[in-house]
>>> print(open('final-v7.cif').read())   # mmCIF, C-alpha atoms
data_input
loop_
_atom_site.label_atom_id
_atom_site.label_comp_id
_atom_site.auth_asym_id
_atom_site.auth_seq_id
_atom_site.Cartn_x
_atom_site.Cartn_y
_atom_site.Cartn_z
CA MET W 1 0.00 0.00 0.00
CA PRO W 2 1.33 3.48 -0.76
CA TYR W 3 2.21 5.67 2.23
CA ASN W 4 1.85 9.40 2.84
CA VAL W 5 5.18 10.78 3.97
CA LEU W 6 6.27 13.97 5.74
CA ILE W 7 9.96 14.97 5.64
CA VAL W 8 11.01 17.35 8.43
CA ASP W 9 14.48 18.91 8.16
CA ASP W 10 15.70 22.51 8.19
CA SER W 11 17.97 21.76 5.21
CA PRO W 12 16.18 21.98 1.83
CA GLY W 13 19.05 19.98 0.34
CA MET W 14 18.64 17.14 2.81
CA ARG W 15 14.87 17.08 2.26
CA LYS W 16 15.54 16.78 -1.46
CA VAL W 17 18.02 13.95 -0.87
CA ILE W 18 15.57 12.01 1.30
CA ARG W 19 12.82 12.51 -1.26
CA LYS W 20 15.13 11.26 -4.03
CA MET W 21 16.16 8.23 -1.98
CA LEU W 22 12.50 7.41 -1.36
CA GLY W 23 11.84 7.57 -5.07
CA GLN W 24 14.69 5.32 -6.07
CA SER W 25 14.09 2.81 -3.29
CA GLY W 26 10.81 1.80 -4.88
CA PHE W 27 9.04 2.43 -1.57
CA ALA W 28 5.42 3.17 -2.52
CA THR W 29 4.46 6.71 -1.63
CA ASP W 30 1.30 8.58 -2.46
CA LEU W 31 1.78 11.98 -0.88
CA CYS W 32 5.24 13.40 0.00
CA VAL W 33 5.26 16.72 1.86
CA GLU W 34 7.98 18.70 3.62
CA ALA W 35 8.47 20.92 6.65
CA GLY W 36 11.43 23.00 7.80
CA ASP W 37 10.98 22.53 11.55
CA GLY W 38 8.75 21.00 14.18
CA CYS W 39 6.21 23.85 14.09
CA GLU W 40 5.70 23.54 10.36
CA ALA W 41 5.49 19.78 10.75
CA LEU W 42 2.63 20.04 13.25
CA ASP W 43 0.85 22.40 10.90
CA VAL W 44 1.18 19.90 8.04
CA LEU W 45 0.07 17.02 10.26
CA SER W 46 -3.09 18.91 11.21
CA LYS W 47 -4.01 19.32 7.56
CA GLN W 48 -2.68 16.29 5.66
CA PRO W 49 -3.19 12.52 6.12
CA VAL W 50 0.39 11.48 6.94
CA ASP W 51 1.49 7.93 7.77
CA ILE W 52 5.25 8.22 8.07
CA VAL W 53 7.39 11.08 9.40
CA PHE W 54 11.11 11.46 8.77
CA THR W 55 12.47 13.94 11.25
CA ASP W 56 15.79 15.59 11.91
CA ILE W 57 16.56 16.59 15.50
CA ASN W 58 18.53 19.85 15.45
CA MET W 59 16.13 22.37 13.91
CA PRO W 60 15.16 25.96 14.76
CA ASN W 61 11.83 26.94 16.37
CA MET W 62 10.88 23.40 17.40
CA ASN W 63 13.44 20.59 17.25
CA GLY W 64 12.79 16.95 16.49
CA GLU W 65 12.66 15.84 20.09
CA GLU W 66 10.10 18.50 20.93
CA LEU W 67 8.10 17.42 17.89
CA MET W 68 8.18 13.79 19.09
CA GLU W 69 6.99 14.89 22.51
CA LYS W 70 3.98 16.60 20.93
CA ILE W 71 3.23 13.65 18.69
CA SER W 72 3.54 11.11 21.49
CA VAL W 73 0.84 12.77 23.63
CA SER W 74 -1.65 13.33 20.81
CA PRO W 75 -4.11 10.47 20.23
CA GLU W 76 -4.73 11.66 16.67
CA TYR W 77 -1.08 10.90 15.83
CA LYS W 78 -0.96 7.50 17.46
CA HIS W 79 -0.82 5.81 14.04
CA LEU W 80 2.25 7.71 12.86
CA LEU W 81 5.50 5.87 12.18
CA VAL W 82 8.43 8.17 12.94
CA LEU W 83 11.93 7.62 11.58
CA VAL W 84 14.62 9.88 13.01
CA VAL W 85 17.29 11.00 10.52
CA SER W 86 19.95 12.92 12.42
CA THR W 87 23.64 13.66 12.87
CA ASP W 88 23.20 12.94 16.58
CA ARG W 89 24.24 9.32 17.12
CA SER W 90 24.69 9.55 20.88
CA GLU W 91 23.25 6.71 22.94
CA GLU W 92 21.52 9.25 25.14
CA ARG W 93 19.60 10.83 22.27
CA MET W 94 18.76 7.57 20.54
CA GLN W 95 17.29 6.16 23.72
CA ARG W 96 15.25 9.30 24.34
CA MET W 97 13.80 9.34 20.83
CA LEU W 98 12.98 5.64 20.87
CA ALA W 99 11.40 6.02 24.32
CA LEU W 100 9.22 8.80 22.89
CA GLY W 101 7.97 6.41 20.24
CA ALA W 102 10.28 6.74 17.25
CA LYS W 103 10.25 3.46 15.34
CA GLY W 104 13.62 3.83 13.69
CA TYR W 105 16.82 5.88 13.79
CA VAL W 106 19.14 6.59 10.87
CA THR W 107 22.30 8.59 11.47
CA LYS W 108 23.75 11.05 8.98
CA PRO W 109 25.74 10.48 6.87
CA PHE W 110 23.95 7.53 5.31
CA VAL W 111 23.86 5.70 1.99
CA PRO W 112 20.60 5.34 0.06
CA ARG W 113 20.13 1.68 0.93
CA THR W 114 20.16 2.45 4.67
CA LEU W 115 17.00 4.52 4.41
CA GLY W 116 15.26 1.81 2.40
CA TYR W 117 16.14 -0.88 4.95
CA ALA W 118 14.96 1.29 7.84
CA LEU W 119 11.65 1.93 6.10
CA THR W 120 11.10 -1.71 5.26
CA LYS W 121 11.80 -2.71 8.86
CA MET W 122 9.53 0.00 10.19
CA THR W 123 6.60 -0.88 7.98
CA ALA W 124 6.91 -4.68 8.15
CA GLY W 125 3.66 -6.18 9.22
CA ARG W 126 1.61 -3.14 8.25
CA ALA W 127 -1.05 -3.74 5.57
CA MET U 1 21.08 -26.16 -22.43
CA THR U 2 22.91 -23.62 -20.26
CA HIS U 3 25.81 -21.85 -21.84
CA VAL U 4 28.27 -19.45 -20.21
CA ARG U 5 29.21 -16.14 -21.74
CA THR U 6 32.30 -14.61 -20.20
CA VAL U 7 32.82 -10.89 -19.74
CA ALA U 8 36.46 -9.93 -20.05
CA ILE U 9 38.09 -6.91 -18.40
CA SER U 10 36.67 -3.69 -19.89
CA ASP U 11 33.78 -5.51 -21.44
CA CYS U 12 30.02 -5.84 -21.09
CA ILE U 13 27.37 -8.42 -22.00
CA VAL U 14 23.60 -8.07 -21.80
CA SER U 15 21.30 -11.02 -22.47
CA ALA U 16 17.64 -12.01 -22.52
CA ASP U 17 18.48 -15.63 -23.26
CA HIS U 18 17.05 -17.90 -20.53
CA ASN U 19 19.77 -20.45 -21.15
CA ALA U 20 22.57 -17.95 -20.65
CA VAL U 21 24.83 -17.50 -17.67
CA ILE U 22 27.01 -14.37 -17.76
CA ALA U 23 30.25 -14.65 -15.82
CA THR U 24 33.35 -12.63 -15.13
CA HIS U 25 36.63 -13.35 -13.40
CA ALA U 26 39.48 -11.53 -11.69
CA LEU U 27 37.47 -8.70 -10.18
CA GLY U 28 40.31 -7.12 -8.21
CA SER U 29 40.25 -3.36 -8.15
CA CYS U 30 37.87 -3.57 -11.10
CA VAL U 31 34.16 -3.42 -10.45
CA GLY U 32 31.60 -5.85 -11.80
CA LEU U 33 28.19 -4.22 -12.05
CA ILE U 34 25.30 -6.64 -12.56
CA ILE U 35 21.80 -5.53 -13.42
CA TYR U 36 18.69 -7.67 -13.70
CA ASP U 37 15.02 -7.15 -14.49
CA PRO U 38 13.17 -10.09 -12.92
CA GLN U 39 9.99 -9.48 -14.88
CA ALA U 40 11.58 -9.19 -18.33
CA GLN U 41 14.29 -11.68 -17.37
CA VAL U 42 16.97 -9.51 -18.88
CA GLY U 43 20.37 -9.21 -17.26
CA GLY U 44 23.75 -7.63 -17.90
CA LEU U 45 27.23 -7.52 -16.47
CA LEU U 46 29.82 -4.77 -16.93
CA HIS U 47 33.43 -5.27 -15.85
CA TYR U 48 35.18 -1.88 -15.76
CA MET U 49 38.69 -0.92 -14.73
CA LEU U 50 38.81 2.80 -14.12
CA PRO U 51 36.54 5.46 -12.63
CA ASP U 52 36.70 8.39 -15.01
CA SER U 53 37.08 8.58 -18.78
CA GLY U 54 38.04 12.26 -18.54
CA LEU U 55 41.65 11.30 -18.02
CA ASP U 56 41.86 9.43 -21.33
CA LYS U 57 39.15 10.49 -23.77
CA GLU U 58 40.75 8.71 -26.70
CA ARG U 59 40.80 5.39 -24.92
CA SER U 60 37.22 5.78 -23.75
CA GLN U 61 36.14 6.26 -27.34
CA GLN U 62 37.93 3.08 -28.33
CA ASN U 63 36.57 1.15 -25.38
CA PRO U 64 33.86 2.85 -23.31
CA PHE U 65 33.48 -0.24 -21.10
CA MET U 66 36.87 0.48 -19.55
CA PHE U 67 35.46 3.38 -17.52
CA ALA U 68 32.59 3.67 -15.04
CA ASP U 69 31.17 6.91 -16.43
CA THR U 70 30.98 5.65 -20.01
CA GLY U 71 30.35 1.96 -19.39
CA ILE U 72 27.53 2.15 -16.85
CA PRO U 73 25.12 4.16 -19.05
CA LEU U 74 25.82 1.80 -21.95
CA LEU U 75 25.05 -1.22 -19.75
CA PHE U 76 21.67 0.23 -18.80
CA HIS U 77 20.78 1.33 -22.31
CA ALA U 78 21.58 -2.11 -23.69
CA ALA U 79 19.34 -3.65 -21.04
CA TYR U 80 16.49 -1.26 -21.90
CA ARG U 81 16.81 -2.22 -25.57
CA ALA U 82 16.51 -5.86 -24.56
CA GLY U 83 13.27 -5.14 -22.69
CA ALA U 84 14.33 -4.20 -19.16
CA LYS U 85 12.64 -1.31 -17.34
CA LYS U 86 14.54 1.08 -15.08
CA GLU U 87 12.03 0.89 -12.24
CA ARG U 88 12.29 -2.91 -12.10
CA ILE U 89 16.06 -3.26 -12.39
CA GLN U 90 18.00 -4.67 -9.43
CA VAL U 91 21.63 -3.63 -9.20
CA THR U 92 24.52 -5.54 -7.63
CA ALA U 93 28.07 -4.26 -7.32
CA LEU U 94 31.08 -6.50 -6.82
CA GLY U 95 34.80 -5.94 -6.57
CA GLY U 96 36.61 -2.66 -5.97
CA ALA U 97 39.20 -4.40 -3.79
CA GLN U 98 42.69 -3.25 -2.94
CA ILE U 99 44.69 -6.33 -3.87
CA LEU U 100 47.67 -7.03 -1.63
CA GLY U 101 51.04 -7.06 -3.30
CA ILE U 102 50.00 -4.73 -6.07
CA ASN U 103 51.29 -1.17 -6.05
CA ASP U 104 48.05 0.77 -5.86
CA SER U 105 48.75 3.97 -4.02
CA PHE U 106 45.77 5.59 -5.76
CA ASN U 107 43.43 2.94 -4.37
CA ILE U 108 41.73 2.47 -7.73
CA GLY U 109 39.23 0.00 -6.27
CA LYS U 110 37.82 2.58 -3.88
CA ARG U 111 37.70 5.21 -6.61
CA ASN U 112 35.93 2.81 -8.93
CA LEU U 113 33.28 2.22 -6.27
CA MET U 114 32.92 5.92 -5.52
CA SER U 115 32.45 6.72 -9.21
CA MET U 116 29.80 4.01 -9.53
CA ARG U 117 27.86 5.27 -6.50
CA LYS U 118 27.88 8.81 -7.85
CA ILE U 119 26.64 7.71 -11.27
CA LEU U 120 23.86 5.55 -9.85
CA TRP U 121 22.77 8.27 -7.42
CA LYS U 122 22.60 10.87 -10.15
CA ALA U 123 20.63 8.51 -12.38
CA GLY U 124 18.18 7.77 -9.57
CA VAL U 125 19.07 4.10 -9.46
CA MET U 126 19.25 2.19 -6.18
CA LEU U 127 22.18 -0.12 -5.47
CA HIS U 128 20.43 -3.18 -4.02
CA HIS U 129 23.31 -5.50 -3.13
CA GLU U 130 27.04 -5.19 -2.87
CA ASP U 131 30.04 -7.36 -2.09
CA VAL U 132 32.91 -4.91 -2.39
CA GLY U 133 36.22 -3.83 -0.96
CA GLY U 134 38.58 -6.07 0.96
CA THR U 135 41.81 -7.43 -0.46
CA SER U 136 40.76 -10.49 -2.46
CA PRO U 137 39.71 -10.84 -6.08
CA ARG U 138 36.23 -12.08 -6.90
CA THR U 139 34.51 -14.11 -9.58
CA ALA U 140 30.83 -13.66 -10.32
CA ARG U 141 28.09 -15.12 -12.47
CA ILE U 142 24.42 -14.41 -13.06
CA GLU U 143 21.82 -16.83 -14.39
CA ILE U 144 19.54 -14.98 -16.76
CA ALA U 145 16.56 -17.30 -16.21
CA THR U 146 16.44 -16.69 -12.45
CA GLY U 147 18.58 -13.61 -11.70
CA ARG U 148 20.53 -15.71 -9.22
CA ILE U 149 24.03 -14.32 -8.67
CA VAL U 150 26.92 -16.34 -7.27
CA VAL U 151 30.03 -14.53 -6.05
CA SER U 152 33.20 -16.43 -5.25
CA SER U 153 36.20 -15.20 -3.31
CA CYS U 154 38.95 -16.88 -1.28
CA GLY U 155 37.51 -20.35 -1.57
CA GLY U 156 34.04 -19.33 -0.40
CA HIS U 157 30.96 -18.19 -2.23
CA GLN U 158 27.67 -16.49 -1.55
CA GLU U 159 24.44 -16.39 -3.50
CA ILE U 160 22.27 -13.37 -4.12
CA ALA U 161 18.77 -14.21 -5.32
CA ALA U 162 16.68 -11.85 -7.38
CA SER U 163 13.79 -10.49 -5.31
CA MET Z 1 35.11 4.98 16.44
CA GLU Z 2 36.19 4.45 20.04
CA THR Z 3 36.03 7.47 22.36
CA THR Z 4 39.58 8.42 23.32
CA GLU Z 5 40.63 7.95 26.91
CA LEU Z 6 41.59 11.62 27.20
CA LYS Z 7 38.73 14.05 27.66
CA PRO Z 8 38.11 15.88 24.39
CA THR Z 9 39.01 19.23 25.95
CA GLU Z 10 42.41 17.78 26.83
CA LEU Z 11 43.23 16.68 23.31
CA LYS Z 12 46.04 18.52 21.58
CA PRO Z 13 45.64 19.77 18.00
CA THR Z 14 47.81 16.91 16.75
CA GLU Z 15 45.31 14.51 18.34
CA LEU Z 16 42.20 16.41 17.23
CA LYS Z 17 43.23 16.74 13.59
CA PRO Z 18 42.99 13.04 12.67
CA ILE Z 19 39.55 12.91 14.27
CA MET Z 20 38.49 15.95 12.24
CA GLU Z 21 39.91 14.41 9.10
CA LEU Z 22 38.04 11.17 9.72
CA ALA Z 23 34.75 13.01 10.15
CA VAL Z 24 35.25 14.87 6.86
CA ALA Z 25 36.14 11.65 5.04
CA GLU Z 26 33.15 9.76 6.40
CA VAL Z 27 30.64 12.40 5.36
CA LEU Z 28 32.12 13.27 1.97
CA GLU Z 29 32.52 9.65 0.93
CA ALA Z 30 29.04 8.55 1.98
CA MET Z 31 27.02 11.53 0.77
CA CYS Z 32 29.12 13.29 -1.86
CA PHE Z 33 31.14 10.43 -3.38
CA ILE Z 34 34.40 12.31 -2.89
CA SER Z 35 37.55 10.63 -1.61
CA SER Z 36 39.66 12.21 1.05
CA GLU Z 37 43.43 12.07 0.54
CA GLY Z 38 44.56 12.94 4.03
CA GLU Z 39 45.62 16.16 5.64
CA SER Z 40 46.80 18.73 3.15
CA PRO Z 41 50.18 20.36 3.63
CA GLU Z 42 48.50 23.70 2.88
CA ALA Z 43 48.60 25.88 5.96
CA ALA Z 44 45.29 26.56 7.67
CA GLY Z 45 45.44 30.33 7.73
CA GLN Z 46 42.96 32.88 6.55
CA TYR Z 47 40.57 31.82 3.83
CA PRO Z 48 40.57 33.53 0.42
CA PRO Z 49 37.56 35.86 0.14
CA ASP Z 50 35.74 33.78 -2.45
CA TRP Z 51 35.73 30.56 -0.41
CA ILE Z 52 32.33 29.24 0.68
CA CYS Z 53 32.13 28.91 4.46
CA GLY Z 54 29.69 27.37 6.90
CA GLU Z 55 29.77 27.39 10.68
CA LEU Z 56 27.72 26.49 13.72
CA ASP Z 57 27.81 26.37 17.51
CA PHE Z 58 27.38 23.25 19.58
CA ALA Z 59 26.45 22.69 23.22
CA GLY Z 60 26.24 19.76 25.58
CA ASN Z 61 28.99 17.95 27.42
CA LEU Z 62 31.22 19.83 24.99
CA SER Z 63 30.54 23.35 23.81
CA GLY Z 64 32.13 25.37 21.10
CA SER Z 65 32.05 26.14 17.41
CA PHE Z 66 32.87 24.36 14.21
CA GLY Z 67 33.26 25.49 10.65
CA ILE Z 68 34.28 24.47 7.16
CA ALA Z 69 35.45 26.38 4.12
CA VAL Z 70 35.85 25.25 0.52
CA PRO Z 71 37.01 26.87 -2.71
CA PRO Z 72 34.10 27.69 -5.05
CA ALA Z 73 34.87 24.87 -7.50
CA THR Z 74 35.03 22.27 -4.71
CA GLY Z 75 31.81 23.65 -3.24
CA ALA Z 76 30.02 23.31 -6.56
CA THR Z 77 31.18 19.71 -6.96
CA ILE Z 78 30.17 18.82 -3.41
CA ALA Z 79 26.72 20.33 -3.90
CA ALA Z 80 26.16 18.70 -7.30
CA ASN Z 81 27.24 15.29 -6.04
CA PHE Z 82 25.15 15.57 -2.87
CA LEU Z 83 21.99 16.50 -4.75
CA GLY Z 84 22.66 14.26 -7.74
CA GLU Z 85 22.48 17.21 -10.13
CA ASP Z 86 24.74 18.81 -12.74
CA GLU Z 87 26.87 21.70 -11.43
CA CYS Z 88 25.53 24.02 -14.12
CA ASP Z 89 21.99 23.53 -12.83
CA LEU Z 90 22.73 24.70 -9.29
CA SER Z 91 22.48 28.24 -7.96
CA GLU Z 92 24.99 29.81 -5.57
CA GLU Z 93 22.27 29.73 -2.96
CA GLN Z 94 21.81 25.97 -3.34
CA THR Z 95 25.57 25.43 -3.12
CA MET Z 96 25.75 27.55 0.03
CA GLU Z 97 22.87 25.62 1.57
CA VAL Z 98 24.56 22.29 0.88
CA ILE Z 99 27.81 23.52 2.43
CA CYS Z 100 25.80 24.51 5.51
CA GLU Z 101 24.29 21.03 5.69
CA LEU Z 102 27.75 19.57 5.20
CA THR Z 103 28.92 21.67 8.17
CA ASN Z 104 26.07 20.16 10.17
CA MET Z 105 26.90 16.57 9.22
CA VAL Z 106 30.67 16.84 9.71
CA ALA Z 107 30.15 18.57 13.09
CA GLY Z 108 27.75 15.85 14.20
CA THR Z 109 30.09 13.08 13.10
CA LEU Z 110 33.07 14.77 14.75
CA LEU Z 111 31.26 15.31 18.05
CA ALA Z 112 30.04 11.70 18.07
CA ASN Z 113 33.63 10.54 17.54
CA LEU Z 114 34.76 12.72 20.47
CA ASP Z 115 31.95 11.65 22.80
CA SER Z 116 29.62 8.88 21.69
CA ARG Z 117 27.50 8.79 24.82
CA SER Z 118 26.26 12.32 25.39
CA ALA Z 119 23.65 14.13 23.36
CA PHE Z 120 24.51 17.54 21.99
CA THR Z 121 22.62 20.35 20.33
CA LEU Z 122 23.79 22.05 17.17
CA SER Z 123 22.76 25.55 16.19
CA PRO Z 124 21.36 25.86 12.66
CA PRO Z 125 24.40 26.07 10.38
CA ARG Z 126 24.95 29.52 8.92
CA PRO Z 127 27.12 30.97 6.16
CA GLY Z 128 30.51 31.79 7.68
CA HIS Z 129 32.90 34.63 7.04
CA SER Z 130 35.80 34.14 4.71
CA ALA Z 131 37.73 36.69 6.73
CA ALA Z 132 37.69 34.36 9.69
CA ARG Z 133 40.88 32.71 10.71
CA ALA Z 134 40.97 28.98 10.22
CA ALA Z 135 43.27 28.42 13.15
CA GLY Z 136 44.43 30.48 16.08
CA ASP Z 137 44.28 30.66 19.82
CA GLY Z 138 42.06 27.89 21.07
CA ARG Z 139 41.05 26.94 17.54
CA THR Z 140 42.30 23.83 15.77
CA GLY Z 141 42.42 23.91 12.01
CA CYS Z 142 42.67 20.96 9.66
CA THR Z 143 42.74 21.16 5.88
CA VAL Z 144 41.95 17.95 4.03
CA ALA Z 145 43.01 17.24 0.45
CA LEU Z 146 40.27 15.76 -1.72
CA ASP Z 147 40.35 14.24 -5.14
CA GLU Z 148 38.15 17.22 -6.05
CA GLY Z 149 40.06 20.03 -4.31
CA LEU Z 150 40.36 21.03 -0.66
CA ILE Z 151 38.25 21.44 2.44
CA ALA Z 152 39.36 23.42 5.47
CA THR Z 153 37.83 22.76 8.86
CA TRP Z 154 38.22 24.38 12.24
CA LEU Z 155 37.13 23.46 15.72
CA GLU Z 156 36.96 25.53 18.87
CA ILE Z 157 36.09 23.80 22.14
CA ARG Z 158 35.33 26.57 24.60
CA ASP Z 159 34.23 24.92 27.78
CA ARG Z 160 32.59 21.89 29.31
CA ALA Z 161 28.96 21.88 30.43
#
>>> encode(input="final-v7.cif", output="structure tokens")
Amino acid sequence: MPYNVLIVDDSPGMRKVIRKMLGQSGFATDLCVEAGDGCEALDVLSKQPVDIVFTDINMPNMNGEELMEKISVSPEYKHLLVLVVSTDRSEERMQRMLALGAKGYVTKPFVPRTLGYALTKMTAGRA
Amino acid sequence: MTHVRTVAISDCIVSADHNAVIATHALGSCVGLIIYDPQAQVGGLLHYMLPDSGLDKERSQQNPFMFADTGIPLLFHAAYRAGAKKERIQVTALGGAQILGINDSFNIGKRNLMSMRKILWKAGVMLHHEDVGGTSPRTARIEIATGRIVVSSCGGHQEIAAS
Amino acid sequence: METTELKPTELKPTELKPIMELAVAEVLEAMCFISSEGESPEAAGQYPPDWICGELDFAGNLSGSFGIAVPPATGATIAANFLGEDECDLSEEQTMEVICELTNMVAGTLLANLDSRSAFTLSPPRPGHSAARAAGDGRTGCTVALDEGLIATWLEIRDRA
């Protein structure tokens, strides 16, 4: 089944790279939207039917961890699958994000196949 | 009746023949790039030596399969002509080793791999499998009927099945 | 990469430089398909005015600043390779933005190599100033040779949290 995806990163270049990797991975997507920080992401989520969120952590206005905190306490976002894509590979941060409900964690830099594997693992078992 | 077609260094073979097996040997610093469309049952193997034809334009005109940037597009175009579709193609990279005992201060194997990754990324093509690097040469073969790839190195081998 | 036994703030420039070089190599090879050829003998001094620079601040168990600078031609190649585009199709703005993201990724990789356990925060990367000094008091500079040119990096660790 095709998924609706939201890419959250303050770098337009990185958003483009993730979008391109999604396209070439063959992962079925219907809608693919973008946001530059956590605030924009929440705005998009309130208006669009998103299934999967890719989020960076270090972003202005509202960072990825703050975004996860908001998502984790909102029943309307319970269905979301969140994949963190970040330069922060510290154990402390990974554990915090996973504890908040992130389903996967990819560290930058990464090769295209890594994103595909993470997505496949995250969506395994979903119809 | 299965028959084996061998790809030499700086060479490329594409086939839609279900009885064909395409093979190559002595993948040291060279890279063997194998592509396969499981629906059309079309496959190809390119064995290239060097990353960039810009350093020797004349030679690349004589033999474009010697270089990654000229050989890889030709591999794909030949596969398309034989019925393969870009969105279905699975890509496997092999080789790019730094062979011990050979004077390779430029680390040609690593550069060959880097050039391949850049070309595939720019073309929007995913690299699905790889068995690269290290210090040992490899031998590889692909069965056109099934897409099954067998890679041999240092007395061992592994199989990569088409998905 | 293993965290060194010395605290990062105790590392000398000769110990920091290989770690900086490794971070550059890891990011450029994975995301820009560019090989690093080790530290360049070129002195890390003041950047030429046309170099493209990015910098950011970091905070956590370690605090400080980090920056990179590249010649225009190297910057264009990095950006084109990263985005999978032709150099002629990219604007200066896009190139600058990619260099900023590169600053972000190299800083993150470097900090993780210095301290893999603690989380850190990075400020949004911003265009840097070519007039800045690459190395000086309290600032470690490392210039890395690439098969596509040069990249200069600098690191300033100011204090511990």
>>> interface_residues(input="final-v7.cif", of="chain U", to="chain Z", cutoff="8 Å", atoms="all atoms listed in the file", output="list in words")
Arg111, Met114, Ser115, Arg117, Lys118, Trp121, Lys122 and Ala123 of chain U
>>> residues_around(input="final-v7.cif", residues="Lys47 in chain W", least_positions_apart="4", cutoff="12 Å", atoms="all atoms listed in the file", output="PDB file with C-alpha atoms, in the coordinates of the input")
ATOM      1  CA  LEU W   6       6.270  13.970   5.740  1.00  0.00           C
ATOM      2  CA  VAL W  33       5.260  16.720   1.860  1.00  0.00           C
ATOM      3  CA  GLU W  40       5.700  23.540  10.360  1.00  0.00           C
ATOM      4  CA  ALA W  41       5.490  19.780  10.750  1.00  0.00           C
ATOM      5  CA  LEU W  42       2.630  20.040  13.250  1.00  0.00           C
ATOM      6  CA  ASP W  43       0.850  22.400  10.900  1.00  0.00           C
ATOM      7  CA  GLU W  76      -4.730  11.660  16.670  1.00  0.00           C
TER       8      GLU W  76
END
>>> residues_near_point(input="final-v7.cif", point="(4.2, -3.5, 6.5)", cutoff="12 Å", atoms="all atoms listed in the file", output="list in words")
Met1, Pro2, Tyr3, Phe27, Ala28, Asp51, Ile52, Leu81, Ala118, Leu119, Thr120, Lys121, Met122, Thr123, Ala124, Gly125, Arg126 and Ala127 of chain W
>>> write_last_selection(input="final-v7.cif", atoms="C-alpha atoms", output="PDB file, keeping the file's coordinate frame")
ATOM      1  CA  MET W   1       0.000   0.000   0.000  1.00  0.00           C
ATOM      2  CA  PRO W   2       1.330   3.480  -0.760  1.00  0.00           C
ATOM      3  CA  TYR W   3       2.210   5.670   2.230  1.00  0.00           C
ATOM      4  CA  PHE W  27       9.040   2.430  -1.570  1.00  0.00           C
ATOM      5  CA  ALA W  28       5.420   3.170  -2.520  1.00  0.00           C
ATOM      6  CA  ASP W  51       1.490   7.930   7.770  1.00  0.00           C
ATOM      7  CA  ILE W  52       5.250   8.220   8.070  1.00  0.00           C
ATOM      8  CA  LEU W  81       5.500   5.870  12.180  1.00  0.00           C
ATOM      9  CA  ALA W 118      14.960   1.290   7.840  1.00  0.00           C
ATOM     10  CA  LEU W 119      11.650   1.930   6.100  1.00  0.00           C
ATOM     11  CA  THR W 120      11.100  -1.710   5.260  1.00  0.00           C
ATOM     12  CA  LYS W 121      11.800  -2.710   8.860  1.00  0.00           C
ATOM     13  CA  MET W 122       9.530   0.000  10.190  1.00  0.00           C
ATOM     14  CA  THR W 123       6.600  -0.880   7.980  1.00  0.00           C
ATOM     15  CA  ALA W 124       6.910  -4.680   8.150  1.00  0.00           C
ATOM     16  CA  GLY W 125       3.660  -6.180   9.220  1.00  0.00           C
ATOM     17  CA  ARG W 126       1.610  -3.140   8.250  1.00  0.00           C
ATOM     18  CA  ALA W 127      -1.050  -3.740   5.570  1.00  0.00           C
TER      19      ALA W 127
END
>>> interface_residues(input="final-v7.cif", of="chain W", to="chain U", cutoff="8 Å", atoms="only C-alpha atoms", output="list in words")
Lys20, Met21, Gly23, Gln24, Ser25, Gly26, Pro112 and Arg113 of chain W
>>> closest_atom_pairs(input="final-v7.cif", of="chain W", to="chain Z", cutoff="9 Å", atoms="all atoms listed in the file", output="tab-separated table")
residue	atom	partner	partner_atom	distance
W:Asp10	CA	Z:Pro124	CA	8.0
W:Ser11	CA	Z:Glu101	CA	6.4
W:Pro12	CA	Z:Glu97	CA	7.6
W:Gly13	CA	Z:Val98	CA	6.0
W:Met14	CA	Z:Glu101	CA	7.4
W:Lys16	CA	Z:Leu83	CA	7.2
W:Val17	CA	Z:Leu83	CA	6.1
W:Lys20	CA	Z:Leu83	CA	8.7
W:Ile57	CA	Z:Thr121	CA	8.6
W:Asn58	CA	Z:Leu122	CA	6.0
W:Met59	CA	Z:Pro124	CA	6.4
W:Pro60	CA	Z:Pro124	CA	6.5
W:Ser86	CA	Z:Met105	CA	8.5
W:Thr87	CA	Z:Gly108	CA	4.8
W:Asp88	CA	Z:Gly108	CA	5.9
W:Arg89	CA	Z:Ala112	CA	6.3
W:Ser90	CA	Z:Arg117	CA	4.9
W:Glu91	CA	Z:Arg117	CA	5.1
W:Glu92	CA	Z:Ala119	CA	5.6
W:Arg93	CA	Z:Ala119	CA	5.3
W:Met94	CA	Z:Ala119	CA	8.7
W:Lys108	CA	Z:Met105	CA	6.4
W:Pro109	CA	Z:Val27	CA	5.5
W:Phe110	CA	Z:Ala30	CA	6.2
W:Val111	CA	Z:Ala30	CA	5.9
W:Pro112	CA	Z:Met31	CA	8.9
>>> write_last_selection(input="final-v7.cif", atoms="C-alpha atoms", output="compact mmCIF listing (two decimals), in the frame of the given file")
# COMPACT_ATOMS: atom_id res chain seq x y z
CA ASP W 10 15.70 22.51 8.19
CA SER W 11 17.97 21.76 5.21
CA PRO W 12 16.18 21.98 1.83
CA GLY W 13 19.05 19.98 0.34
CA MET W 14 18.64 17.14 2.81
CA LYS W 16 15.54 16.78 -1.46
CA VAL W 17 18.02 13.95 -0.87
CA LYS W 20 15.13 11.26 -4.03
CA ILE W 57 16.56 16.59 15.50
CA ASN W 58 18.53 19.85 15.45
CA MET W 59 16.13 22.37 13.91
CA PRO W 60 15.16 25.96 14.76
CA SER W 86 19.95 12.92 12.42
CA THR W 87 23.64 13.66 12.87
CA ASP W 88 23.20 12.94 16.58
CA ARG W 89 24.24 9.32 17.12
CA SER W 90 24.69 9.55 20.88
CA GLU W 91 23.25 6.71 22.94
CA GLU W 92 21.52 9.25 25.14
CA ARG W 93 19.60 10.83 22.27
CA MET W 94 18.76 7.57 20.54
CA LYS W 108 23.75 11.05 8.98
CA PRO W 109 25.74 10.48 6.87
CA PHE W 110 23.95 7.53 5.31
CA VAL W 111 23.86 5.70 1.99
CA PRO W 112 20.60 5.34 0.06
